[in-house]
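Asker: File upload_21.txt below, compact mmCIF, C-alpha atoms:
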# COMPACT_ATOMS: atom_id res chain seq x y z
CA MET A 1 16.07 19.59 17.66
CA GLY A 2 17.43 18.49 14.39
CA ARG A 3 16.00 19.89 11.19
CA THR A 4 15.60 18.40 7.77
CA ASP A 5 14.29 20.70 5.06
CA THR A 6 12.69 18.25 2.66
CA ARG A 7 9.88 20.30 1.15
CA ALA A 8 9.50 23.11 -1.34
CA ARG A 9 7.15 24.95 1.04
CA TRP A 10 8.03 25.63 4.62
CA ARG A 11 5.46 26.74 7.10
CA VAL A 12 5.87 29.73 9.39
CA ALA A 13 3.03 31.14 11.47
CA ALA A 14 2.20 34.83 11.46
CA ALA A 15 4.36 35.52 14.46
CA ALA A 16 7.37 34.42 12.45
CA LEU A 17 7.21 37.80 10.75
CA LEU A 18 8.87 39.05 13.91
CA ALA A 19 11.97 37.10 13.04
CA THR A 20 15.12 39.14 13.44
CA GLY A 21 16.47 38.03 10.11
CA ILE A 22 16.31 35.51 7.31
CA ALA A 23 19.39 34.58 5.33
CA LEU A 24 18.94 33.05 1.93
CA GLY A 25 21.60 31.62 -0.29
CA PRO A 26 22.70 28.65 -2.39
CA VAL A 27 24.25 25.62 -0.78
CA ALA A 28 26.94 23.78 -2.71
CA VAL A 29 26.66 20.02 -2.38
CA PRO A 30 28.52 17.38 -4.43
CA ALA A 31 26.64 15.75 -7.26
CA VAL A 32 25.12 12.33 -6.63
CA ALA A 33 24.46 9.96 -9.50
CA ASP A 34 20.92 8.61 -9.77
CA ASP A 35 21.98 5.03 -9.16
CA SER A 36 24.40 5.64 -6.30
CA ILE A 37 22.25 6.62 -3.36
CA ARG A 38 23.63 3.88 -1.14
CA ALA A 39 27.19 4.62 -2.26
CA ALA A 40 26.78 8.22 -1.11
CA GLN A 41 25.60 7.28 2.39
CA TRP A 42 28.96 7.90 4.02
CA HIS A 43 27.60 7.43 7.53
CA LEU A 44 26.80 3.77 6.86
CA ASP A 45 30.34 3.09 5.73
CA ALA A 46 31.78 5.02 8.67
CA MET A 47 29.68 2.97 11.08
CA HIS A 48 30.64 -0.31 9.32
CA ALA A 49 27.05 -1.14 8.51
CA SER A 50 27.83 -3.93 6.05
CA GLU A 51 29.84 -5.76 8.70
CA MET A 52 27.13 -5.38 11.32
CA TRP A 53 24.44 -6.58 8.94
CA LYS A 54 26.18 -9.96 8.82
CA VAL A 55 25.21 -10.27 12.48
CA THR A 56 21.96 -8.34 12.67
CA LYS A 57 19.84 -5.82 10.82
CA GLY A 58 17.69 -5.02 13.81
CA GLU A 59 15.15 -7.79 13.32
CA GLY A 60 12.55 -8.24 16.01
CA ILE A 61 12.73 -4.67 17.31
CA THR A 62 10.09 -1.99 16.80
CA VAL A 63 11.08 1.68 16.85
CA ALA A 64 8.40 4.31 17.41
CA VAL A 65 9.14 7.48 15.44
CA ILE A 66 7.33 10.59 16.66
CA ASP A 67 7.23 13.20 13.91
CA GLY A 68 5.06 15.31 11.63
CA GLY A 69 3.82 12.66 9.19
CA PHE A 70 5.28 10.01 6.92
CA LYS A 71 5.34 8.98 3.26
CA LEU A 72 4.20 5.41 3.76
CA ASP A 73 4.56 4.40 0.12
CA HIS A 74 8.15 5.42 -0.50
CA PRO A 75 9.78 2.47 -2.31
CA ASP A 76 12.54 2.24 0.29
CA LEU A 77 10.05 2.20 3.17
CA VAL A 78 7.21 0.00 1.95
CA GLY A 79 6.75 -2.89 4.37
CA GLN A 80 8.57 -1.14 7.21
CA PHE A 81 5.57 0.54 8.83
CA LEU A 82 3.23 -0.94 11.40
CA PRO A 83 -0.23 0.65 11.80
CA GLY A 84 0.41 3.97 13.49
CA LYS A 85 -1.62 6.72 15.12
CA ASP A 86 -2.21 10.42 14.49
CA PHE A 87 -2.11 12.72 17.53
CA SER A 88 -1.85 15.95 15.52
CA GLY A 89 -5.55 16.69 15.16
CA SER A 90 -5.01 17.39 11.45
CA SER A 91 -6.66 15.53 8.60
CA GLY A 92 -5.05 12.78 6.59
CA GLY A 93 -3.63 10.49 9.27
CA VAL A 94 -0.04 9.37 9.68
CA GLY A 95 0.36 9.01 5.91
CA SER A 96 -0.03 12.76 5.36
CA TYR A 97 2.70 15.30 5.96
CA GLY A 98 3.40 18.97 5.71
CA ASP A 99 7.10 18.29 5.28
CA GLY A 100 9.35 15.33 4.71
CA HIS A 101 11.16 15.26 8.01
CA GLY A 102 9.49 12.18 9.43
CA THR A 103 10.11 10.25 6.22
CA MET A 104 13.82 11.01 6.39
CA MET A 105 14.07 9.92 10.01
CA VAL A 106 12.40 6.59 9.24
CA SER A 107 14.70 6.13 6.26
CA LEU A 108 17.82 6.70 8.37
CA ILE A 109 16.61 4.09 10.83
CA ALA A 110 15.02 1.39 8.72
CA GLY A 111 15.27 2.16 5.00
CA THR A 112 15.53 -1.00 2.91
CA GLY A 113 17.27 0.43 -0.15
CA LYS A 114 14.93 -1.57 -2.40
CA ASN A 115 14.45 1.29 -4.82
CA ARG A 116 16.72 1.71 -7.84
CA GLY A 117 17.49 -1.98 -8.02
CA GLY A 118 18.73 -2.17 -4.46
CA ASN A 119 20.72 1.06 -4.67
CA GLY A 120 18.23 3.20 -2.79
CA ALA A 121 18.60 4.61 0.70
CA TYR A 122 19.34 2.18 3.51
CA GLY A 123 18.75 2.68 7.18
CA LEU A 124 21.26 1.57 9.77
CA ALA A 125 18.77 -1.05 11.04
CA PRO A 126 16.87 -2.14 7.90
CA GLY A 127 15.42 -5.18 9.66
CA ALA A 128 13.56 -3.11 12.25
CA LYS A 129 9.90 -2.15 12.05
CA ILE A 130 8.58 1.37 12.51
CA LEU A 131 5.56 2.51 14.52
CA PRO A 132 4.73 5.91 12.96
CA LEU A 133 3.22 8.42 15.38
CA LYS A 134 2.20 11.79 13.99
CA ILE A 135 2.22 15.05 15.94
CA ASP A 136 1.74 18.68 14.93
CA ASN A 137 5.29 19.97 14.72
CA GLY A 138 4.14 23.26 13.20
CA SER A 139 4.47 22.07 9.62
CA VAL A 140 0.72 21.57 9.33
CA GLY A 141 -0.61 24.18 11.75
CA THR A 142 0.49 26.68 14.35
CA ALA A 143 2.07 24.70 17.14
CA VAL A 144 1.39 25.79 20.71
CA THR A 145 3.89 24.63 23.30
CA ALA A 146 1.32 22.97 25.55
CA ASP A 147 -0.23 21.11 22.62
CA PHE A 148 3.17 20.11 21.25
CA LEU A 149 4.38 18.67 24.55
CA ASP A 150 1.01 17.04 25.19
CA GLN A 151 1.03 15.33 21.79
CA ILE A 152 4.54 14.02 22.39
CA GLY A 153 3.39 12.72 25.76
CA GLN A 154 0.38 11.00 24.23
CA ALA A 155 2.55 9.45 21.53
CA VAL A 156 5.11 8.21 24.06
CA SER A 157 2.39 6.64 26.21
CA TYR A 158 0.83 4.98 23.18
CA ALA A 159 4.19 3.60 22.04
CA VAL A 160 4.83 2.16 25.49
CA ASP A 161 1.42 0.47 25.45
CA GLN A 162 2.26 -1.06 22.06
CA GLY A 163 5.37 -2.69 23.48
CA VAL A 164 8.03 -0.84 21.49
CA LYS A 165 11.64 -0.98 22.62
CA VAL A 166 12.94 2.33 21.26
CA ILE A 167 11.20 5.69 20.84
CA SER A 168 12.96 8.14 18.52
CA ILE A 169 12.00 11.83 18.80
CA SER A 170 13.75 14.19 16.39
CA GLN A 171 11.61 17.10 17.52
CA GLY A 172 11.87 19.77 20.17
CA VAL A 173 10.55 23.00 21.63
CA SER A 174 12.57 25.76 23.28
CA ALA A 175 12.58 25.47 27.05
CA VAL A 176 11.88 29.18 27.47
CA THR A 177 8.39 28.78 25.97
CA ALA A 178 7.39 25.78 28.07
CA LEU A 179 5.25 26.09 31.19
CA PRO A 180 6.50 24.12 34.22
CA ALA A 181 3.23 22.18 34.52
CA ASP A 182 3.46 20.99 30.90
CA VAL A 183 7.11 20.00 31.33
CA ALA A 184 6.36 18.16 34.58
CA LYS A 185 3.54 16.23 32.91
CA LEU A 186 5.77 15.11 30.06
CA SER A 187 8.55 14.26 32.51
CA ARG A 188 6.23 11.91 34.39
CA ILE A 189 5.30 10.20 31.12
CA LEU A 190 8.96 9.79 30.20
CA ALA A 191 9.75 8.38 33.64
CA ASN A 192 6.95 5.86 33.20
CA ALA A 193 8.29 4.87 29.80
CA ARG A 194 11.72 4.24 31.30
CA SER A 195 10.21 2.25 34.16
CA LYS A 196 8.51 0.06 31.55
CA GLY A 197 11.87 -0.66 29.92
CA VAL A 198 11.59 1.67 26.92
CA LEU A 199 14.56 3.67 25.66
CA VAL A 200 13.57 7.21 24.62
CA VAL A 201 16.08 8.94 22.35
CA SER A 202 15.74 12.62 21.41
CA SER A 203 17.70 15.31 19.61
CA VAL A 204 19.22 18.11 21.69
CA GLY A 205 18.77 20.85 19.09
CA ASN A 206 20.65 22.80 16.45
CA SER A 207 20.89 26.23 18.08
CA ALA A 208 24.37 26.13 19.58
CA LYS A 209 25.32 29.30 17.70
CA SER A 210 22.09 31.15 18.42
CA GLY A 211 21.55 31.00 22.14
CA ASN A 212 22.09 27.30 22.84
CA LEU A 213 18.73 27.20 24.64
CA ALA A 214 17.69 23.80 25.93
CA GLU A 215 14.94 22.02 24.03
CA TYR A 216 12.34 19.58 25.30
CA PRO A 217 12.09 16.64 25.39
CA GLY A 218 15.82 16.31 24.61
CA ALA A 219 16.88 18.08 27.79
CA LEU A 220 14.61 16.13 30.14
CA SER A 221 15.47 13.24 32.42
CA ASN A 222 14.84 9.69 31.22
CA VAL A 223 15.79 10.79 27.70
CA VAL A 224 18.98 10.02 25.79
CA GLY A 225 19.98 13.40 24.36
CA VAL A 226 21.87 13.14 21.07
CA GLY A 227 24.16 15.65 19.38
CA ALA A 228 25.70 15.59 15.90
CA VAL A 229 29.16 15.04 14.41
CA ASP A 230 30.40 15.41 10.86
CA ARG A 231 32.21 12.87 8.73
CA ASN A 232 35.50 13.75 10.46
CA GLY A 233 34.06 12.91 13.85
CA THR A 234 33.93 16.58 14.90
CA VAL A 235 30.93 17.94 16.78
CA THR A 236 29.07 20.23 14.38
CA GLU A 237 28.85 23.95 15.11
CA GLU A 238 25.05 23.84 15.25
CA SER A 239 24.81 20.91 17.68
CA GLU A 240 23.70 22.19 21.09
CA THR A 241 25.87 21.62 24.11
CA GLY A 242 25.22 21.01 27.77
CA PRO A 243 24.59 18.32 30.39
CA GLN A 244 21.71 16.91 28.33
CA VAL A 245 24.08 15.55 25.66
CA ALA A 246 24.58 11.84 26.28
CA LEU A 247 25.93 10.70 22.92
CA VAL A 248 26.66 11.99 19.43
CA ALA A 249 26.15 10.40 16.01
CA PRO A 250 26.56 11.38 12.35
CA GLY A 251 24.51 14.46 11.54
CA GLN A 252 26.12 16.13 8.53
CA ASP A 253 25.56 15.48 4.81
CA THR A 254 23.36 12.50 5.56
CA LEU A 255 21.47 11.06 2.60
CA ALA A 256 18.06 9.44 2.99
CA ALA A 257 14.68 8.85 1.42
CA CYS A 258 12.38 11.87 1.51
CA THR A 259 9.25 13.37 -0.04
CA ALA A 260 11.03 15.38 -2.76
CA PRO A 261 10.16 14.51 -6.39
CA SER A 262 13.46 12.66 -6.74
CA GLY A 263 12.72 10.69 -3.57
CA TYR A 264 16.04 11.53 -1.90
CA CYS A 265 17.50 14.40 0.13
CA THR A 266 20.61 15.30 2.03
CA GLY A 267 20.29 16.75 5.49
CA HIS A 268 22.12 17.70 8.64
CA GLY A 269 21.33 18.22 12.27
CA THR A 270 20.80 16.50 15.58
CA SER A 271 17.58 14.97 14.23
CA ASP A 272 19.57 12.80 11.83
CA ALA A 273 21.99 11.91 14.61
CA THR A 274 19.07 10.90 16.83
CA ALA A 275 17.71 8.56 14.20
CA LEU A 276 21.11 6.88 13.85
CA ALA A 277 21.57 6.61 17.61
CA SER A 278 18.12 5.01 17.84
CA ALA A 279 19.08 2.58 15.09
CA SER A 280 22.31 1.76 16.95
CA ALA A 281 20.34 0.81 20.05
CA THR A 282 18.04 -1.24 17.85
CA LEU A 283 20.90 -3.29 16.42
CA LEU A 284 22.32 -4.02 19.85
CA TRP A 285 18.96 -4.89 21.36
CA SER A 286 18.09 -7.25 18.52
CA VAL A 287 21.08 -9.42 19.51
CA HIS A 288 20.66 -9.06 23.27
CA LYS A 289 16.91 -9.18 23.67
CA GLU A 290 17.26 -10.13 27.33
CA TRP A 291 18.95 -6.82 28.14
CA THR A 292 17.09 -3.90 29.63
CA ALA A 293 17.09 -0.35 28.28
CA ASN A 294 19.64 0.57 30.94
CA GLN A 295 22.00 -2.18 29.81
CA VAL A 296 21.65 -1.34 26.11
CA LEU A 297 22.38 2.31 26.82
CA ARG A 298 25.26 1.49 29.18
CA VAL A 299 26.99 -0.58 26.52
CA LEU A 300 26.48 2.15 23.91
CA ILE A 301 28.08 4.60 26.34
CA LYS A 302 30.95 2.27 27.27
CA THR A 303 31.81 1.60 23.63
CA ALA A 304 31.41 5.17 22.37
CA GLY A 305 34.34 6.95 20.73
CA ARG A 306 35.51 9.23 23.54
CA PRO A 307 36.14 12.96 22.95
CA ASN A 308 39.87 13.62 22.70
CA GLY A 309 40.56 10.08 23.86
CA GLY A 310 39.42 10.80 27.41
CA ASP A 311 37.35 8.68 29.76
CA SER A 312 34.80 11.26 30.87
CA ARG A 313 31.92 13.00 29.15
CA THR A 314 31.94 16.53 27.80
CA ASN A 315 29.09 18.97 27.27
CA ASP A 316 29.79 18.95 23.54
CA ALA A 317 29.98 15.26 22.75
CA GLY A 318 28.57 13.59 25.84
CA TRP A 319 30.25 10.22 26.33
CA GLY A 320 31.24 10.18 22.69
CA ALA A 321 30.14 8.92 19.28
CA VAL A 322 28.00 5.80 19.09
CA ARG A 323 29.88 2.81 17.70
CA PRO A 324 27.36 0.00 17.33
CA ARG A 325 29.90 -2.30 15.66
CA VAL A 326 32.12 -2.14 18.73
CA ALA A 327 29.08 -2.58 20.95
CA LEU A 328 28.14 -5.72 19.04
CA THR A 329 31.62 -7.26 18.87
CA ASP A 330 32.92 -6.30 22.31
CA PRO A 331 30.04 -5.22 24.55
CA GLY A 332 31.65 -6.17 27.85
CA ASP A 333 29.58 -6.32 31.02
CA PRO A 334 26.22 -4.59 30.46
CA GLY A 335 25.99 -3.84 34.17
CA PRO A 336 22.93 -3.76 36.41
CA ALA A 337 19.57 -4.08 34.71
CA ASP A 338 17.74 -1.63 36.95
CA VAL A 339 20.25 1.21 37.24
CA SER A 340 20.30 3.99 34.66
CA PRO A 341 23.72 5.05 33.36
CA LEU A 342 22.38 8.60 33.01
CA ALA A 343 23.03 10.70 36.09
CA ALA A 344 20.27 13.08 34.96
CA ASP A 345 17.69 10.36 35.50
CA ALA A 346 18.19 10.78 39.23
CA ALA A 347 17.48 14.51 39.03
CA SER A 348 14.47 16.37 40.35
CA PRO A 349 10.97 15.22 39.32
CA SER A 350 10.76 17.92 36.69
CA GLY A 351 13.94 16.63 35.11
CA ALA A 352 14.42 19.99 33.46
CA PRO A 353 17.72 21.85 33.41
CA SER A 354 17.81 25.60 33.00
CA ALA A 355 16.89 27.06 29.64
CA SER A 356 20.48 28.06 28.94
CA VAL A 357 22.22 24.74 29.39
CA SER A 358 25.73 25.75 28.50
CA ALA A 359 27.86 28.82 28.32
CA SER A 360 30.25 27.13 25.92
CA ALA A 361 28.11 27.18 22.80
CA SER A 362 30.72 29.21 20.95
CA ALA A 363 33.65 27.15 22.14
CA PRO A 364 35.59 25.18 19.50
CA ALA A 365 33.96 21.85 18.77
CA PRO A 366 36.10 18.93 19.95
CA SER A 367 37.07 16.14 17.61
CA VAL A 368 35.70 12.75 18.53
CA PRO A 369 38.36 10.18 17.66
CA SER A 370 37.07 6.98 16.19
CA PRO A 371 39.38 4.03 16.61
CA THR A 372 38.22 0.64 15.43
CA GLY A 373 34.60 0.77 14.42
CA GLY A 374 34.28 4.51 14.96
CA VAL A 375 31.81 6.95 13.49
CA ALA A 376 34.16 9.11 11.48
CA ALA A 377 35.16 8.06 8.03
CA GLY A 378 37.92 10.42 8.13
CA ALA A 379 8.29 34.08 30.98
CA PRO A 380 5.67 32.86 28.62
CA SER A 381 1.97 33.49 28.24
CA ALA A 382 -0.64 30.92 29.29
CA GLN A 383 -0.60 29.54 25.75
CA PRO A 384 2.96 30.21 24.55
CA LYS A 385 3.68 29.68 20.88
CA ALA A 386 6.12 26.88 20.27
CA ASP A 387 9.54 27.62 18.86
CA VAL A 388 9.49 24.14 17.37
CA SER A 389 12.46 22.64 15.65
CA SER A 390 12.49 19.48 13.67
CA GLY A 391 14.32 17.75 10.94
CA SER A 392 17.94 18.21 10.06
CA GLY A 393 19.59 21.48 9.42
CA SER A 394 19.07 21.38 5.69
CA ALA A 395 17.57 18.76 3.44
CA LEU A 396 18.38 19.12 -0.20
CA PRO A 397 16.36 17.15 -2.78
CA ILE A 398 18.41 15.19 -5.29
CA VAL A 399 17.18 15.61 -8.85
CA GLY A 400 18.83 14.51 -12.09
CA GLY A 401 21.95 13.36 -10.29
CA VAL A 402 22.61 16.77 -8.74
CA VAL A 403 22.08 17.98 -5.18
CA ALA A 404 21.29 21.69 -5.03
CA GLY A 405 19.18 24.19 -3.15
CA LEU A 406 18.71 26.90 -0.65
CA ALA A 407 19.30 27.03 3.07
CA LEU A 408 16.97 29.17 5.13
CA VAL A 409 17.98 30.40 8.55
CA VAL A 410 15.27 31.83 10.76
CA GLY A 411 16.02 33.55 14.06
CA GLY A 412 14.04 35.28 16.74
CA ALA A 413 10.59 34.08 15.67
CA LEU A 414 7.95 33.36 18.26
CA VAL A 415 6.55 30.58 16.13
CA VAL A 416 8.63 28.90 13.49
CA VAL A 417 9.29 25.46 12.16
CA ARG A 418 13.03 25.77 11.91
CA TRP A 419 13.72 24.01 8.67
CA ARG A 420 15.52 24.87 5.50
CA LYS A 421 14.44 23.30 2.26
CA ALA A 422 16.10 23.38 -1.10
CA ALA A 423 13.89 23.62 -4.15
CA VAL A 424 15.31 22.60 -7.49
How would this structure read if it were set down as structure tokens?
Answerer:
Amino acid sequence: MGRTDTRARWRVAAAALLATGIALGPVAVPAVADDSIRAAQWHLDAMHASEMWKVTKGEGITVAVIDGGFKLDHPDLVGQFLPGKDFSGSSGGVGSYGDGHGTMMVSLIAGTGKNRGGNGAYGLAPGAKILPLKIDNGSVGTAVTADFLDQIGQAVSYAVDQGVKVISISQGVSAVTALPADVAKLSRILANARSKGVLVVSSVGNSAKSGNLAEYPGALSNVVGVGAVDRNGTVTEESETGPQVALVAPGQDTLAACTAPSGYCTGHGTSDATALASASATLLWSVHKEWTANQVLRVLIKTAGRPNGGDSRTNDAGWGAVRPRVALTDPGDPGPADVSPLAADAASPSGAPSASVSASASAPAPSVPSPTGGVAAGAPSAQPKADVSSGSGSALPIVGGVVAGLALVVGGALVVVRWRKAAV
């Protein structure tokens, strides 16, 4: 799914040596002054966060974030975490991490901006609380598909038992490496979560230009699959396409708290978009606590910025870009409480589309117009190795007021955490 690149070291298992190629090069990113982190968070301005925060900041809602570990003591995140649980089998608990992806996702959802005199990184729903759930996404060890899917399933079940409203999963594994039995097991867990009134949101992946293979859990039923758009409201070239895309959200040049020495990174990818879509649902649910997950999602879909001004969904942008401000100010009829607005939720028990979900991966990305309140500011083995993706396409640490770094692109590996990290 999305990828963030927030660490100087990136982990690739031995099989990654079979990668077809690795491209290395500098990435030019505008300078960011030390005291202007919030000012550089364009996605918050595009989504009219300051206006929404006069109504709600997501208070009273808990979001479970399933990821590879979290920096619990980041100044912008202190006080946001509830006691979590580690399903990874590694040492250190939820407060340890092999990369900074999970920290960035939490920051995008519920960062308080308390650092730097209130000019730190804010999340879209800073009043929400986070239930941190750690899995092995390959950044700590060698992820095996069955283990990866099983850990996600365990984390989802735990979150449901804890009474969370939203589960945000910016992680994924290629469908071609997943065994049907493992997928079916996770699908049953996801169906149970939905039956209990929990909204599960997951990234669809960043491989549109390299096969566009479906990723789980983002391509499963009872999951809200999220793609990414840039600051112009255009679906990014890396954002995967297909019937699993329900909505899109900002996923380019996003700025958030991370584990870099400076404490801040820029990133891109469907992971970031997933975090912001989860936060959007959180804001809406905090105002309409009597609504069900189906009603919250239906309103987000009804108020989304439609691709090319149309009324139907597309495989690139789903039903459009989330617009939580419009959802809050003009939600309309939320519809039936017990009927899912996702047609895929009525699919077969496996809930799994084919591995190649779209033949249009190379098609031009449509522009998602954003009228009032819009997003834009302008055959495997018995134990297959997991082609795990996580984070946002590239997370670049900010040091000394300058964003700089390297982007790593890995293709063809049997086992690889598909991240790119910039060291400065």
Asker: So how many Å separate atom CA of Pro243 of chain A and atom CA of Gly320 of chain A, to one decimal?
Answerer: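 Atom-to-atom, atom CA of Pro243 of chain A to atom CA of Gly320 of chain A, that is 13.0 Å.
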Asker: Would you mind telling me which residue in A:Glu51, A:Asp338, A:Asp76, A:Asp67 lies nearest to Asn137 of chain A when using only C-alpha atoms?
Answerer: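 The shortest atom-to-atom distance to Asn137 of chain A comes from A:Asp67.
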Asker: From the set A:Ser96, A:Asn206, A:Asn315, A:Thr329, which residue has the shortest atom-to-atom contact distance to His268 of chain A, counting only C-alpha atoms?
Answerer: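 The answer is A:Asn206, which sits nearest to His268 of chain A.
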Asker: Of the candidates A:Ala110, A:Ile169, A:Cys258, A:Ala304, which shows the shortest atom-to-atom distance to Val326 of chain A, using all atoms listed in the file?
Answerer: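 Nearest candidate to Val326 of chain A out of A:Ala110, A:Ile169, A:Cys258, A:Ala304: A:Ala304.
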Asker: How many Å separate atom CA of Val226 of chain A from atom CA of Thr270 of chain A?
Answerer: 6.5 Å
Asker: Taking 2 positions as the minimum chain separation for residues in the same chain, which residues sit within 9 Å of Ala193 of chain A when counting all atoms listed in the file? Answer as a ChimeraX atom specification.
Answerer: /A:156-157,159-160,188-191,195-200,222
Asker: In terms of the shortest atom-to-atom distance over all atoms listed in the file, which of A:Ala317, A:Thr103, A:Leu186, A:Ala178 is closest to Gly225 of chain A?
Answerer: A:Ala317
Asker: Rank A:Gly318, A:Gly153, A:Gly93, A:Gly127 by their smallest atom-to-atom distance to Ile66 of chain A, using only C-alpha atoms, and report the top residue only.
Answerer: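 With only C-alpha atoms as the atom set, the closest residue is A:Gly153.
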Asker: In Å to one decimal, how far is atom CA of Ala273 of chain A from atom CA of Ala249 of chain A?
Answerer: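 Interatomic distance here is 4.6 Å.
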Asker: Counting all atoms listed in the file, figure out which residue out of A:Tyr97, A:Tyr158, A:Tyr122, A:Phe81 gets nearest to Trp53 of chain A.
Answerer: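 Residue with the minimum atom-to-atom distance to Trp53 of chain A: A:Tyr122.
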Asker: Which residues are near Asp333 of chain A? Cut-off 10 Å, all atoms listed in the file, ignore same chain within fewer than 6 positions. Put them as an MDAnalysis selection string.
Answerer: chainID A and resid 295 298:299 302
Asker: Need the shell around Gln162 of chain A: protein/DNA/RNA residues with any atom at most 12 Å away, counting only C-alpha atoms. Skip same-chain ones fewer than 5 positions apart. Format as number ranges by chain?
Answerer: A: 62-64, 82-85, 130-133, 155-157, 167, 193, 196, 198
Asker: With 10 Å as the threshold, what does the neighbourhood of (14.9, 10.9, -0.3) contain in terms of residues, counting only C-alpha atoms? Coordinates are those of the file; answer as an MDAnalysis selection string.
Answerer: chainID A and resid 6 37 74 76 100 103:104 107 120:121 255:267 395:398
